[in-house]
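One file, data10.pdb, carrying PDB, C-alpha atoms:
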MODEL        1
ATOM      1  CA  MET A   5       5.082  -5.973  11.125
ATOM      2  CA  ALA A   6       4.903  -9.583  10.065
ATOM      3  CA  GLY A   7       2.341 -12.175   9.194
ATOM      4  CA  ALA A   8      -1.299 -11.777  10.125
ATOM      5  CA  ASP A   9      -0.686  -8.394  11.722
ATOM      6  CA  ARG A  10       0.444  -6.690   8.501
ATOM      7  CA  ARG A  11      -2.058  -4.278   7.013
ATOM      8  CA  VAL A  12      -1.852  -2.846   3.539
ATOM      9  CA  PRO A  13      -3.411   0.501   2.563
ATOM     10  CA  VAL A  14      -5.581   0.083  -0.542
ATOM     11  CA  GLY A  15      -7.503   3.354  -0.639
ATOM     12  CA  ARG A  16      -9.538   5.893   1.256
ATOM     13  CA  ILE A  17     -13.040   7.319   1.441
ATOM     14  CA  VAL A  18     -13.030  10.785  -0.113
ATOM     15  CA  GLY A  19     -16.631  11.915  -0.442
ATOM     16  CA  LEU A  20     -20.322  11.206  -0.840
ATOM     17  CA  SER A  21     -22.379  10.104  -3.813
ATOM     18  CA  GLY A  22     -26.125  10.568  -3.695
ATOM     19  CA  VAL A  23     -28.403  10.426  -0.668
ATOM     20  CA  ARG A  24     -28.515   6.688   0.088
ATOM     21  CA  GLY A  25     -25.203   6.352   1.908
ATOM     22  CA  THR A  26     -22.956   5.697  -1.067
ATOM     23  CA  VAL A  27     -19.370   6.944  -0.722
ATOM     24  CA  LYS A  28     -16.708   7.957  -3.234
ATOM     25  CA  LEU A  29     -13.369   6.164  -2.994
ATOM     26  CA  GLU A  30      -9.817   6.776  -3.982
ATOM     27  CA  SER A  31      -8.615   3.280  -4.870
ATOM     28  CA  TRP A  32      -4.927   2.390  -5.089
ATOM     29  CA  THR A  33      -5.508  -1.028  -6.617
ATOM     30  CA  GLU A  34      -5.056  -1.923 -10.258
ATOM     31  CA  PRO A  35      -7.631  -1.974 -11.699
ATOM     32  CA  ARG A  36      -9.384   0.433  -9.338
ATOM     33  CA  THR A  37     -12.379  -1.831  -8.778
ATOM     34  CA  ARG A  38     -10.168  -4.655  -7.515
ATOM     35  CA  ILE A  39     -10.396  -2.932  -4.106
ATOM     36  CA  PHE A  40     -13.728  -4.787  -3.653
ATOM     37  CA  ASP A  41     -12.011  -8.173  -4.085
ATOM     38  CA  TYR A  42      -9.931  -7.675  -0.943
ATOM     39  CA  GLN A  43     -12.085  -7.917   2.162
ATOM     40  CA  PRO A  44     -12.759  -7.439   4.974
ATOM     41  CA  TRP A  45     -11.760  -3.785   5.021
ATOM     42  CA  LEU A  46     -10.320  -2.192   8.101
ATOM     43  CA  LEU A  47     -11.499   1.426   8.098
ATOM     44  CA  VAL A  48      -9.266   3.743  10.094
ATOM     45  CA  LYS A  49     -10.619   7.203  10.880
ATOM     46  CA  ALA A  50      -7.884   8.124  13.355
ATOM     47  CA  PRO A  51      -5.317   6.192  15.382
ATOM     48  CA  GLY A  52      -7.262   3.820  17.572
ATOM     49  CA  GLU A  53     -10.536   4.339  15.662
ATOM     50  CA  GLU A  54     -10.762   1.186  13.562
ATOM     51  CA  THR A  55     -13.800  -0.649  12.216
ATOM     52  CA  GLU A  56     -13.810  -3.920  10.314
ATOM     53  CA  MET A  57     -16.246  -3.864   7.394
ATOM     54  CA  HIS A  58     -17.401  -6.993   5.513
ATOM     55  CA  GLY A  59     -19.415  -7.117   2.306
ATOM     56  CA  VAL A  60     -18.614  -3.724   0.807
ATOM     57  CA  GLU A  61     -19.815  -3.512  -2.797
ATOM     58  CA  GLY A  62     -19.124  -0.963  -5.472
ATOM     59  CA  ARG A  63     -18.416  -0.016  -9.037
ATOM     60  CA  GLU A  64     -16.843   2.566 -11.280
ATOM     61  CA  GLN A  65     -18.865   5.701 -11.834
ATOM     62  CA  GLY A  66     -17.526   8.280 -14.241
ATOM     63  CA  LYS A  67     -13.873   8.892 -13.401
ATOM     64  CA  GLY A  68     -14.213   7.499  -9.889
ATOM     65  CA  VAL A  69     -15.239   4.539  -7.778
ATOM     66  CA  ILE A  70     -18.269   4.424  -5.493
ATOM     67  CA  ALA A  71     -19.139   1.978  -2.716
ATOM     68  CA  THR A  72     -22.045   0.923  -0.564
ATOM     69  CA  MET A  73     -21.185  -0.298   2.914
ATOM     70  CA  PRO A  74     -23.422  -2.624   4.934
ATOM     71  CA  GLY A  75     -25.369  -0.764   7.605
ATOM     72  CA  ILE A  76     -24.784   2.654   6.026
ATOM     73  CA  GLU A  77     -28.151   3.729   4.653
ATOM     74  CA  ASP A  78     -28.126   7.508   4.395
ATOM     75  CA  ARG A  79     -25.919  10.452   3.555
ATOM     76  CA  ASP A  80     -25.365  11.467   7.199
ATOM     77  CA  GLN A  81     -24.120   8.002   8.195
ATOM     78  CA  ALA A  82     -21.840   7.897   5.154
ATOM     79  CA  ALA A  83     -20.435  11.374   5.849
ATOM     80  CA  ALA A  84     -18.981  10.127   9.127
ATOM     81  CA  TRP A  85     -16.613   7.864   7.152
ATOM     82  CA  ILE A  86     -15.104  10.556   4.887
ATOM     83  CA  GLY A  87     -11.340  10.649   5.315
ATOM     84  CA  SER A  88     -11.109   7.049   6.522
ATOM     85  CA  ALA A  89      -8.181   5.026   5.241
ATOM     86  CA  ILE A  90      -8.988   1.581   3.873
ATOM     87  CA  PHE A  91      -6.653  -1.251   4.838
ATOM     88  CA  VAL A  92      -6.768  -4.992   4.193
ATOM     89  CA  ALA A  93      -4.752  -7.824   5.680
ATOM     90  CA  ARG A  94      -1.664  -8.604   3.592
ATOM     91  CA  GLU A  95      -2.897 -12.196   3.399
ATOM     92  CA  ALA A  96      -6.005 -10.994   1.513
ATOM     93  CA  LEU A  97      -3.832  -9.997  -1.445
ATOM     94  CA  PRO A  98      -2.744 -12.556  -4.048
ATOM     95  CA  ASP A  99       0.900 -13.510  -4.253
ATOM     96  CA  PRO A 100       2.715 -11.266  -6.717
ATOM     97  CA  GLU A 101       4.087 -12.709  -9.923
ATOM     98  CA  PRO A 102       7.770 -13.708  -9.893
ATOM     99  CA  GLY A 103       9.965 -10.615 -10.076
ATOM    100  CA  HIS A 104       7.171  -8.364  -8.782
ATOM    101  CA  TYR A 105       6.764  -7.145  -5.216
ATOM    102  CA  TYR A 106       4.262  -5.327  -3.070
ATOM    103  CA  TRP A 107       5.825  -2.179  -1.677
ATOM    104  CA  CYS A 108       4.655  -3.144   1.789
ATOM    105  CA  ASP A 109       6.762  -6.322   1.555
ATOM    106  CA  LEU A 110       9.877  -4.268   0.757
ATOM    107  CA  GLU A 111       9.420  -1.607   3.440
ATOM    108  CA  GLY A 112      11.683  -2.254   6.404
ATOM    109  CA  LEU A 113      14.094  -4.552   4.555
ATOM    110  CA  GLU A 114      17.812  -4.002   5.041
ATOM    111  CA  VAL A 115      19.621  -2.693   1.949
ATOM    112  CA  VAL A 116      23.259  -3.599   1.346
ATOM    113  CA  THR A 117      25.583  -3.049  -1.593
ATOM    114  CA  ARG A 118      27.276  -5.848  -3.538
ATOM    115  CA  GLN A 119      30.355  -5.093  -1.457
ATOM    116  CA  GLY A 120      28.418  -5.630   1.785
ATOM    117  CA  VAL A 121      28.121  -1.949   2.763
ATOM    118  CA  ARG A 122      24.922  -1.421   4.757
ATOM    119  CA  LEU A 123      22.939   1.537   3.383
ATOM    120  CA  GLY A 124      20.031   1.265   5.819
ATOM    121  CA  ARG A 125      16.432   0.090   5.622
ATOM    122  CA  VAL A 126      13.709   0.782   3.072
ATOM    123  CA  LYS A 127      11.574   3.532   4.595
ATOM    124  CA  ASN A 128       9.140   3.732   1.692
ATOM    125  CA  LEU A 129       8.905   3.696  -2.088
ATOM    126  CA  PHE A 130       7.453   6.128  -4.564
ATOM    127  CA  ALA A 131       6.641   6.029  -8.248
ATOM    128  CA  THR A 132       8.207   8.199 -10.901
ATOM    129  CA  GLY A 133       7.403   8.258 -14.575
ATOM    130  CA  ALA A 134      10.307   5.960 -15.351
ATOM    131  CA  ASN A 135      10.485   3.576 -12.380
ATOM    132  CA  ASP A 136       9.820   3.145  -8.680
ATOM    133  CA  VAL A 137      12.365   4.512  -6.186
ATOM    134  CA  MET A 138      13.299   3.138  -2.757
ATOM    135  CA  VAL A 139      13.915   5.629   0.040
ATOM    136  CA  VAL A 140      16.636   3.999   2.136
ATOM    137  CA  ARG A 141      17.450   5.489   5.548
ATOM    138  CA  GLY A 142      20.454   4.618   7.602
ATOM    139  CA  GLU A 143      23.010   6.181   9.930
ATOM    140  CA  GLY A 144      22.023   9.796   9.373
ATOM    141  CA  ARG A 145      21.823   9.457   5.612
ATOM    142  CA  GLU A 146      19.129   8.876   3.033
ATOM    143  CA  HIS A 147      19.655   7.159  -0.323
ATOM    144  CA  LEU A 148      17.215   7.228  -3.231
ATOM    145  CA  VAL A 149      17.785   3.974  -5.100
ATOM    146  CA  PRO A 150      15.868   3.217  -8.311
ATOM    147  CA  PHE A 151      14.005  -0.066  -7.949
ATOM    148  CA  VAL A 152      15.166  -1.472 -11.274
ATOM    149  CA  LEU A 153      15.771  -5.207 -11.127
ATOM    150  CA  GLU A 154      19.060  -6.463 -12.568
ATOM    151  CA  THR A 155      20.335  -2.911 -13.002
ATOM    152  CA  TYR A 156      20.382  -1.461  -9.477
ATOM    153  CA  VAL A 157      18.515  -4.135  -7.521
ATOM    154  CA  VAL A 158      20.602  -7.293  -7.664
ATOM    155  CA  CYS A 159      18.586  -9.495  -5.321
ATOM    156  CA  VAL A 160      15.452  -9.265  -3.189
ATOM    157  CA  ASP A 161      15.598 -11.858  -0.397
ATOM    158  CA  LEU A 162      12.296 -11.652   1.472
ATOM    159  CA  ASP A 163      13.159 -14.697   3.599
ATOM    160  CA  ASN A 164      16.187 -12.903   5.046
ATOM    161  CA  ASP A 165      14.684  -9.357   5.005
ATOM    162  CA  ARG A 166      17.392  -8.072   2.695
ATOM    163  CA  ILE A 167      17.841  -6.326  -0.649
ATOM    164  CA  GLU A 168      21.209  -6.317  -2.389
ATOM    165  CA  VAL A 169      21.886  -3.365  -4.668
ATOM    166  CA  ASP A 170      24.544  -2.236  -7.117
ATOM    167  CA  TRP A 171      24.809   1.280  -5.732
ATOM    168  CA  ASP A 172      27.566   3.677  -4.706
ATOM    169  CA  PRO A 173      27.182   4.249  -0.944
ATOM    170  CA  GLU A 174      28.491   7.814  -1.424
ATOM    171  CA  PHE A 175      25.711   8.696  -3.851
TER     172      PHE A 175
ENDMDL
END

Could you express the structure from this file as structure tokens?
Amino acid sequence: MAGADRRVPVGRIVGLSGVRGTVKLESWTEPRTRIFDYQPWLLVKAPGEETEMHGVEGREQGKGVIATMPGIEDRDQAAAWIGSAIFVAREALPDPEPGHYYWCDLEGLEVVTRQGVRLGRVKNLFATGANDVMVVRGEGREHLVPFVLETYVVCVDLDNDRIEVDWDPEF
């Protein structure tokens, strides 16, 4: 999905806070409150059930994040949004610093070895304690390649939708 159509998940609504329509969030931004900087939100309750929301405000509260959404004024209205995923347009996010990448920009890229062997495409990434890992799927095989620049990841070429890796295709 390219350009203006690309949506990035930034969190989800996980519960209620109080009686005035405030919701609890799980935020995947760093810091957690940065989720309010990226708007409008596209709230997705289920496939095909999408609502664009402008002007959401919030703050940290205890160990979590809470939000007030325009037009949501009581607990019953807010409860209807529990479980909704929160997406923003990729263009709403700032450009990453050189040498840093949003996972969503890497997903779908072709992965090839230094020798030109095609491993497949990046299905997704996940974090470990030591580093992030790319899940690369191709031709009936899955490779788990550590996303460590200059060690395993030789080059990320977003313009050509390609990542070059120093990786044994048999591993």

| query | Which residues match the PyMOL selection byres ((chain A and resi 112) around 9) in the file above, as a ChimeraX atom specification? | reply | /A:5,108-111,113-114,125-128,165-166

For range 29-46 of chain A, I'd like the enclosing box, axis-aligned and padded by 6 Å on every side, reported as JSON with centre and edge lengths in Å to one decimal.
{"center_x": -9.3, "center_y": -0.7, "center_z": -1.8, "size_x": 20.8, "size_y": 26.9, "size_z": 31.8}

| field | Shell of 7 Å around range 27-42 of chain A, all atoms listed in the file, local chain residues under 6 positions omitted, as a PyMOL selection string | value | chain A and resi 14-21+60-64+69-72+82+92+96-97

| message | Here's the selection I'm unsure about, the PyMOL selection byres ((chain A and resi 46) around 6); applied to the file above, which residues does it give, as number ranges by chain? | response | A: 45, 47, 55-56, 90-92

Suppose a student applies the PyMOL selection byres ((chain A and resi 115) around 12) to this structure; what residues should they get, written as a compact mmCIF listing (two decimals) with C-alpha atoms, in the frame of the given file?
# COMPACT_ATOMS: atom_id res chain seq x y z
CA LEU A 110 9.88 -4.27 0.76
CA GLU A 111 9.42 -1.61 3.44
CA GLY A 112 11.68 -2.25 6.40
CA LEU A 113 14.09 -4.55 4.56
CA GLU A 114 17.81 -4.00 5.04
CA VAL A 116 23.26 -3.60 1.35
CA THR A 117 25.58 -3.05 -1.59
CA ARG A 118 27.28 -5.85 -3.54
CA GLN A 119 30.36 -5.09 -1.46
CA GLY A 120 28.42 -5.63 1.78
CA VAL A 121 28.12 -1.95 2.76
CA ARG A 122 24.92 -1.42 4.76
CA LEU A 123 22.94 1.54 3.38
CA GLY A 124 20.03 1.26 5.82
CA ARG A 125 16.43 0.09 5.62
CA VAL A 126 13.71 0.78 3.07
CA LYS A 127 11.57 3.53 4.60
CA MET A 138 13.30 3.14 -2.76
CA VAL A 139 13.92 5.63 0.04
CA VAL A 140 16.64 4.00 2.14
CA ARG A 141 17.45 5.49 5.55
CA GLY A 142 20.45 4.62 7.60
CA GLU A 146 19.13 8.88 3.03
CA HIS A 147 19.66 7.16 -0.32
CA LEU A 148 17.22 7.23 -3.23
CA VAL A 149 17.78 3.97 -5.10
CA PHE A 151 14.00 -0.07 -7.95
CA TYR A 156 20.38 -1.46 -9.48
CA VAL A 157 18.52 -4.14 -7.52
CA VAL A 158 20.60 -7.29 -7.66
CA CYS A 159 18.59 -9.49 -5.32
CA VAL A 160 15.45 -9.26 -3.19
CA ASP A 161 15.60 -11.86 -0.40
CA LEU A 162 12.30 -11.65 1.47
CA ASN A 164 16.19 -12.90 5.05
CA ASP A 165 14.68 -9.36 5.00
CA ARG A 166 17.39 -8.07 2.70
CA ILE A 167 17.84 -6.33 -0.65
CA GLU A 168 21.21 -6.32 -2.39
CA VAL A 169 21.89 -3.36 -4.67
CA ASP A 170 24.54 -2.24 -7.12
CA TRP A 171 24.81 1.28 -5.73
CA PRO A 173 27.18 4.25 -0.94

| When you draw a straight line from CA of Glu143 in chain A to CA of Trp107 in chain A, how long is it in Å? |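 Computing the Euclidean distance for CA of Glu143 in chain A and CA of Trp107 in chain A yields 22.4 Å.
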
| query | So what do you get for CA of His58 in chain A versus CA of Glu101 in chain A, distance-wise? | reply |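 It comes out at 27.1 Å.
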
| request: Could you tell me how far CA of Thr155 in chain A lies from CA of Gly103 in chain A, in Å and to one decimal? | output: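 CA of Gly103 in chain A lies at a distance of 13.2 Å from CA of Thr155 in chain A.
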
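Nearest-residue note for Ala50 in chain A: choosing from A:His104, A:Glu154, A:Leu129, A:Trp85, the minimum distance belongs to A:Trp85, counting all atoms listed in the file.
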
| message | Using only C-alpha atoms, can you tell me which of A:Val152, A:Val23, A:Ile76, A:Ala93 comes closest to Ala134 in chain A? | response | A:Val152

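For the choices A:Glu53, A:Gln65, A:Arg24, A:Pro150, the atom-to-atom distance to Ala131 in chain A is smallest for A:Pro150 when using all atoms listed in the file.
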